Amino acid sequence: MILNEIQITSLLNKPLPGEQAQLLMAPHAEGTTAGPVPKPGPNTRESGVLLLLSPHPESLRTQFTLTLRSSRLLSHSGQLSLPGGRIEKGETPEQAALRETYEEIGVPVHAPRMLGRLTPLHVPHSGNLIYPVVAWIDKLPALTLEPFEVSEAFQVDVATLSDPHKQSKETWNLRNQTLTVPFWRVHQKVPLWGATAMILSEFMQLLSRSADNFRDRA
């Protein structure tokens, strides 16, 4: 799948798919469908994460960058995620996402070009409201990982997320609950699930609105 900045910006400026698209990849109780996410409370923390799009240097197929969170972290350790972190006082979600991306994987804050935002996602069990921002970079620099936070960083072809063979569901025990967990297989060992999968689910639903306008190459 080959995308460009103009196409993505145009889609992000239109009404977004929103929570219903996010819920397609949400964990839920067995035998049910994922319900509405509770609204954030007054003590909810805010974070910005970066969906950083770039062309593959040879095929030009559009890819995005994921990180594998270090096992040393207290929250969401060992999980796949988009680079990003807490919004500090006076920061916008875009500024926080760029700063955290630089701190985690070394992408200079001035290099990506902002295209827009996806729908904020509230994660009740961690008390976090995530603002996903979408950006484009023509050429990824050599990544420099902050080892305390990031164990690995790699790129995923956007088209991989539309491949049914890469999608799966399993029954997991999470926080003393038996849940059906949808996920993508984009890493050799670690599933792509939870908040990050929900954010990417909305992005893929957004792309599906204009799929005929995108060129795909084998």
# chains A, B, ... in the order shown; residues from 1 in each chain; ligands from 1
>>> residues_around(residues="Ala96 (chain A)", least_positions_apart="4", cutoff="12 Å", atoms="only C-alpha atoms", output="PyMOL selection string")
chain A and resi 46-50+83-92+100-104+109+130-133
>>> write_last_selection(atoms="C-alpha atoms", output="PDB file, in the first residue's frame")
ATOM      1  CA  GLU A  46      -2.932  12.659  29.291  1.00  0.00           C
ATOM      2  CA  SER A  47      -0.435  11.238  26.794  1.00  0.00           C
ATOM      3  CA  GLY A  48       0.533  11.834  23.198  1.00  0.00           C
ATOM      4  CA  VAL A  49       1.615   9.003  20.897  1.00  0.00           C
ATOM      5  CA  LEU A  50       2.993   9.224  17.376  1.00  0.00           C
ATOM      6  CA  PRO A  83       6.310   5.886  20.582  1.00  0.00           C
ATOM      7  CA  GLY A  84       5.023   8.536  22.964  1.00  0.00           C
ATOM      8  CA  GLY A  85       4.335   9.371  26.575  1.00  0.00           C
ATOM      9  CA  ARG A  86       2.897  11.774  29.103  1.00  0.00           C
ATOM     10  CA  ILE A  87       1.991  15.317  28.087  1.00  0.00           C
ATOM     11  CA  GLU A  88       3.908  17.757  30.245  1.00  0.00           C
ATOM     12  CA  LYS A  89       2.564  21.102  31.429  1.00  0.00           C
ATOM     13  CA  GLY A  90       2.288  23.548  28.559  1.00  0.00           C
ATOM     14  CA  GLU A  91       2.709  20.915  25.845  1.00  0.00           C
ATOM     15  CA  THR A  92       0.312  20.023  23.077  1.00  0.00           C
ATOM     16  CA  GLU A 100       8.905  11.337  23.546  1.00  0.00           C
ATOM     17  CA  THR A 101       9.677   9.858  20.144  1.00  0.00           C
ATOM     18  CA  TYR A 102      13.012  11.638  20.159  1.00  0.00           C
ATOM     19  CA  GLU A 103      13.756  10.467  23.703  1.00  0.00           C
ATOM     20  CA  GLU A 104      12.733   6.866  23.008  1.00  0.00           C
ATOM     21  CA  VAL A 109      11.585  16.570  16.743  1.00  0.00           C
ATOM     22  CA  ILE A 130      -4.173   8.976  24.802  1.00  0.00           C
ATOM     23  CA  TYR A 131      -4.048  11.510  21.982  1.00  0.00           C
ATOM     24  CA  PRO A 132      -2.838   9.751  18.806  1.00  0.00           C
ATOM     25  CA  VAL A 133      -1.177  12.128  16.343  1.00  0.00           C
TER      26      VAL A 133
END
>>> residues_around(residues="Leu51 (chain A)", least_positions_apart="5", cutoff="12 Å", atoms="only C-alpha atoms", output="ChimeraX atom specification")
/A:8,62-67,81-84,94,97-98,101,112-118,131-137,155-156,158,196-197,199-200,202-204
>>> write_last_selection(atoms="N, CA and C atoms", output="compact mmCIF listing (two decimals), in the first residue's frame")
# COMPACT_ATOMS: atom_id res chain seq x y z
N ILE A 8 -3.57 11.30 3.34
CA ILE A 8 -3.79 11.09 4.77
C ILE A 8 -4.33 12.35 5.43
N THR A 62 4.05 2.18 2.26
CA THR A 62 3.96 2.97 3.49
C THR A 62 4.05 2.07 4.71
N GLN A 63 4.86 2.49 5.67
CA GLN A 63 5.08 1.73 6.88
C GLN A 63 4.94 2.66 8.09
N PHE A 64 4.81 2.06 9.27
CA PHE A 64 4.79 2.85 10.50
C PHE A 64 5.74 2.19 11.50
N THR A 65 6.13 2.95 12.50
CA THR A 65 7.13 2.50 13.47
C THR A 65 6.47 2.08 14.78
N LEU A 66 6.83 0.90 15.25
CA LEU A 66 6.40 0.40 16.56
C LEU A 66 7.61 0.21 17.46
N THR A 67 7.37 0.30 18.75
CA THR A 67 8.41 -0.01 19.73
C THR A 67 7.96 -1.18 20.60
N SER A 81 4.02 -0.88 21.25
CA SER A 81 3.31 0.39 21.34
C SER A 81 3.86 1.37 20.32
N LEU A 82 3.09 2.42 20.08
CA LEU A 82 3.58 3.56 19.33
C LEU A 82 4.46 4.39 20.25
N PRO A 83 5.49 5.03 19.72
CA PRO A 83 6.31 5.89 20.58
C PRO A 83 5.47 7.04 21.13
N GLY A 84 5.77 7.44 22.36
CA GLY A 84 5.02 8.54 22.96
C GLY A 84 5.05 8.44 24.47
N GLU A 94 0.90 16.99 20.18
CA GLU A 94 1.90 16.87 19.13
C GLU A 94 3.31 17.07 19.69
N ALA A 97 4.28 14.03 21.82
CA ALA A 97 4.56 12.85 21.01
C ALA A 97 5.91 12.96 20.32
N LEU A 98 6.23 14.14 19.80
CA LEU A 98 7.52 14.34 19.13
C LEU A 98 8.68 14.26 20.13
N THR A 101 9.12 10.66 21.23
CA THR A 101 9.68 9.86 20.14
C THR A 101 11.18 10.10 20.02
N PRO A 112 9.64 14.94 11.54
CA PRO A 112 8.30 14.54 11.06
C PRO A 112 7.42 15.76 10.75
N ARG A 113 6.54 15.60 9.81
CA ARG A 113 5.55 16.62 9.47
C ARG A 113 4.18 16.15 9.95
N MET A 114 3.54 16.95 10.77
CA MET A 114 2.27 16.58 11.35
C MET A 114 1.15 16.61 10.30
N LEU A 115 0.33 15.56 10.31
CA LEU A 115 -0.79 15.44 9.37
C LEU A 115 -2.14 15.63 10.05
N GLY A 116 -2.24 15.32 11.33
CA GLY A 116 -3.51 15.45 12.03
C GLY A 116 -3.59 14.50 13.21
N ARG A 117 -4.78 14.42 13.79
CA ARG A 117 -5.01 13.56 14.96
C ARG A 117 -6.08 12.52 14.67
N LEU A 118 -5.96 11.40 15.36
CA LEU A 118 -7.04 10.42 15.44
C LEU A 118 -7.86 10.70 16.70
N TYR A 131 -3.80 10.74 23.20
CA TYR A 131 -4.05 11.51 21.98
C TYR A 131 -3.13 10.98 20.88
N PRO A 132 -3.68 10.26 19.90
CA PRO A 132 -2.84 9.75 18.81
C PRO A 132 -2.68 10.83 17.73
N VAL A 133 -1.44 11.17 17.40
CA VAL A 133 -1.18 12.13 16.34
C VAL A 133 -0.46 11.41 15.21
N VAL A 134 -0.76 11.81 14.00
CA VAL A 134 -0.24 11.16 12.81
C VAL A 134 0.76 12.09 12.14
N ALA A 135 1.92 11.56 11.77
CA ALA A 135 2.95 12.36 11.13
C ALA A 135 3.61 11.58 10.01
N TRP A 136 4.33 12.31 9.17
CA TRP A 136 5.01 11.73 8.01
C TRP A 136 6.47 12.13 8.05
N ILE A 137 7.33 11.19 7.71
CA ILE A 137 8.74 11.49 7.54
C ILE A 137 9.21 10.83 6.26
N GLN A 155 9.71 -1.35 11.80
CA GLN A 155 8.67 -0.81 10.92
C GLN A 155 7.73 -1.94 10.46
N VAL A 156 6.47 -1.57 10.32
CA VAL A 156 5.43 -2.49 9.86
C VAL A 156 4.77 -1.90 8.63
N VAL A 158 1.90 -0.89 6.46
CA VAL A 158 0.51 -0.60 6.80
C VAL A 158 -0.43 -1.68 6.27
N THR A 196 -2.87 0.26 21.67
CA THR A 196 -2.20 0.51 20.40
C THR A 196 -2.97 -0.11 19.24
N ALA A 197 -3.45 -1.32 19.42
CA ALA A 197 -4.25 -1.96 18.38
C ALA A 197 -5.55 -1.19 18.13
N ILE A 199 -6.02 2.07 18.49
CA ILE A 199 -5.67 3.28 17.74
C ILE A 199 -5.46 2.93 16.27
N LEU A 200 -4.72 1.87 16.01
CA LEU A 200 -4.45 1.47 14.63
C LEU A 200 -5.70 0.97 13.92
N GLU A 202 -8.66 2.29 14.23
CA GLU A 202 -9.33 3.47 13.68
C GLU A 202 -8.61 3.96 12.43
N PHE A 203 -7.29 3.94 12.46
CA PHE A 203 -6.54 4.40 11.28
C PHE A 203 -6.86 3.53 10.07
N MET A 204 -6.94 2.23 10.26
CA MET A 204 -7.24 1.35 9.13
C MET A 204 -8.67 1.53 8.63
>>> closest_residue(among="A:Glu5, A:Glu152, A:Glu19, A:Glu58", to="Ser201 (chain A)", atoms="only C-alpha atoms")
A:Glu19
>>> closest_residue(among="A:Pro147, A:Pro27, A:Pro124, A:Pro40", to="Leu192 (chain A)", atoms="only C-alpha atoms")
A:Pro27
>>> select_by_dssp(residues="region 155-211 of chain A", states="strand (DSSP E)", output="PyMOL selection string")
chain A and resi 155-157+167-174+177-184
>>> write_last_selection(atoms="C-alpha atoms", output="CSV table (one decimal), in the first residue's frame")
chain,number,residue,atom,x,y,z
A,155,GLN,CA,8.7,-0.8,10.9
A,156,VAL,CA,5.4,-2.5,9.9
A,157,ASP,CA,3.9,-2.3,6.4
A,167,GLN,CA,-5.4,-11.0,12.7
A,168,SER,CA,-6.3,-13.4,15.5
A,169,LYS,CA,-8.2,-13.7,18.8
A,170,GLU,CA,-7.4,-15.6,21.9
A,171,THR,CA,-8.9,-16.0,25.4
A,172,TRP,CA,-6.6,-14.4,28.1
A,173,ASN,CA,-6.9,-13.9,31.8
A,174,LEU,CA,-6.3,-10.2,32.4
A,177,GLN,CA,-11.0,-11.4,34.1
A,178,THR,CA,-11.4,-13.9,31.3
A,179,LEU,CA,-11.4,-11.8,28.1
A,180,THR,CA,-11.4,-12.3,24.4
A,181,VAL,CA,-8.4,-10.4,23.0
A,182,PRO,CA,-8.1,-9.5,19.3
A,183,PHE,CA,-4.6,-8.8,18.1
A,184,TRP,CA,-2.3,-8.6,15.1
>>> select_by_dssp(residues="region 5-146 of chain A", states="alpha helix (DSSP H)", output="ChimeraX atom specification")
/A:5-12,19-22,93-105
>>> closest_residue(among="A:Arg69, A:Lys14, A:Arg209, A:Lys39", to="Pro120 (chain A)", atoms="only C-alpha atoms")
A:Lys39
>>> residues_around(residues="Gln188 (chain A)", least_positions_apart="3", cutoff="12 Å", atoms="only C-alpha atoms", output="PyMOL selection string")
chain A and resi 68+80+154+166+184-185+191-192
>>> closest_residue(among="A:His56, A:Arg175, A:His125, A:His110", to="Leu3 (chain A)", atoms="only C-alpha atoms")
A:His56
>>> residues_around(residues="Pro38 (chain A)", least_positions_apart="6", cutoff="12 Å", atoms="only C-alpha atoms", output="ChimeraX atom specification")
/A:19,44,121-125,127-129
>>> atom_distance(atom1="CA of Val186 (chain A)", atom2="CA of Pro36 (chain A)")
26.8 Å
>>> closest_residue(among="A:Met198, A:Ala29, A:Leu207, A:Val37", to="Ala159 (chain A)", atoms="only C-alpha atoms")
A:Leu207
>>> atom_distance(atom1="CA of Gly18 (chain A)", atom2="CA of Thr119 (chain A)")
5.6 Å
>>> atom_distance(atom1="CA of Ala34 (chain A)", atom2="CA of Pro17 (chain A)")
15.8 Å
>>> closest_residue(among="A:Gln7, A:Gln20, A:Ser151, A:Asn13", to="Gln79 (chain A)", atoms="only C-alpha atoms")
A:Ser151
>>> decode(residues="region 19-66 of chain A", atoms="C-alpha atoms", output="PDB file, in the first residue's frame")
ATOM      1  CA  GLU A  19     -14.849   4.846  19.070  1.00  0.00           C
ATOM      2  CA  GLN A  20     -16.716   2.234  17.055  1.00  0.00           C
ATOM      3  CA  ALA A  21     -13.609   1.661  14.969  1.00  0.00           C
ATOM      4  CA  GLN A  22     -11.401   1.532  18.069  1.00  0.00           C
ATOM      5  CA  LEU A  23     -13.660  -1.061  19.684  1.00  0.00           C
ATOM      6  CA  LEU A  24     -13.102  -3.518  16.830  1.00  0.00           C
ATOM      7  CA  MET A  25      -9.752  -4.345  18.466  1.00  0.00           C
ATOM      8  CA  ALA A  26     -10.784  -3.930  22.109  1.00  0.00           C
ATOM      9  CA  PRO A  27     -10.546  -6.812  24.609  1.00  0.00           C
ATOM     10  CA  HIS A  28     -13.991  -7.838  25.829  1.00  0.00           C
ATOM     11  CA  ALA A  29     -15.708 -10.414  28.026  1.00  0.00           C
ATOM     12  CA  GLU A  30     -16.264 -13.808  26.444  1.00  0.00           C
ATOM     13  CA  GLY A  31     -19.527 -14.082  24.543  1.00  0.00           C
ATOM     14  CA  THR A  32     -20.003 -10.299  24.310  1.00  0.00           C
ATOM     15  CA  THR A  33     -18.921  -7.440  22.110  1.00  0.00           C
ATOM     16  CA  ALA A  34     -16.824  -4.529  23.294  1.00  0.00           C
ATOM     17  CA  GLY A  35     -18.970  -1.826  24.855  1.00  0.00           C
ATOM     18  CA  PRO A  36     -18.488   1.942  25.111  1.00  0.00           C
ATOM     19  CA  VAL A  37     -15.356   3.128  26.885  1.00  0.00           C
ATOM     20  CA  PRO A  38     -16.077   5.055  30.123  1.00  0.00           C
ATOM     21  CA  LYS A  39     -15.472   8.788  29.972  1.00  0.00           C
ATOM     22  CA  PRO A  40     -12.223  10.060  31.528  1.00  0.00           C
ATOM     23  CA  GLY A  41     -12.400  11.416  35.080  1.00  0.00           C
ATOM     24  CA  PRO A  42     -10.808  14.523  36.606  1.00  0.00           C
ATOM     25  CA  ASN A  43      -7.598  12.723  37.589  1.00  0.00           C
ATOM     26  CA  THR A  44      -6.973  11.152  34.198  1.00  0.00           C
ATOM     27  CA  ARG A  45      -3.438  11.554  32.892  1.00  0.00           C
ATOM     28  CA  GLU A  46      -2.932  12.659  29.291  1.00  0.00           C
ATOM     29  CA  SER A  47      -0.435  11.238  26.794  1.00  0.00           C
ATOM     30  CA  GLY A  48       0.533  11.834  23.198  1.00  0.00           C
ATOM     31  CA  VAL A  49       1.615   9.003  20.897  1.00  0.00           C
ATOM     32  CA  LEU A  50       2.993   9.224  17.376  1.00  0.00           C
ATOM     33  CA  LEU A  51       1.786   7.186  14.421  1.00  0.00           C
ATOM     34  CA  LEU A  52       4.852   7.896  12.304  1.00  0.00           C
ATOM     35  CA  LEU A  53       4.380   7.017   8.639  1.00  0.00           C
ATOM     36  CA  SER A  54       7.260   6.681   6.191  1.00  0.00           C
ATOM     37  CA  PRO A  55       7.905   5.136   2.762  1.00  0.00           C
ATOM     38  CA  HIS A  56       9.987   1.985   2.598  1.00  0.00           C
ATOM     39  CA  PRO A  57      13.303   3.078   1.066  1.00  0.00           C
ATOM     40  CA  GLU A  58      13.052   0.574  -1.810  1.00  0.00           C
ATOM     41  CA  SER A  59       9.427  -0.422  -2.404  1.00  0.00           C
ATOM     42  CA  LEU A  60       7.953   2.951  -1.294  1.00  0.00           C
ATOM     43  CA  ARG A  61       5.197   1.031   0.471  1.00  0.00           C
ATOM     44  CA  THR A  62       3.963   2.970   3.492  1.00  0.00           C
ATOM     45  CA  GLN A  63       5.080   1.732   6.884  1.00  0.00           C
ATOM     46  CA  PHE A  64       4.793   2.846  10.498  1.00  0.00           C
ATOM     47  CA  THR A  65       7.127   2.495  13.467  1.00  0.00           C
ATOM     48  CA  LEU A  66       6.401   0.396  16.557  1.00  0.00           C
TER      49      LEU A  66
END
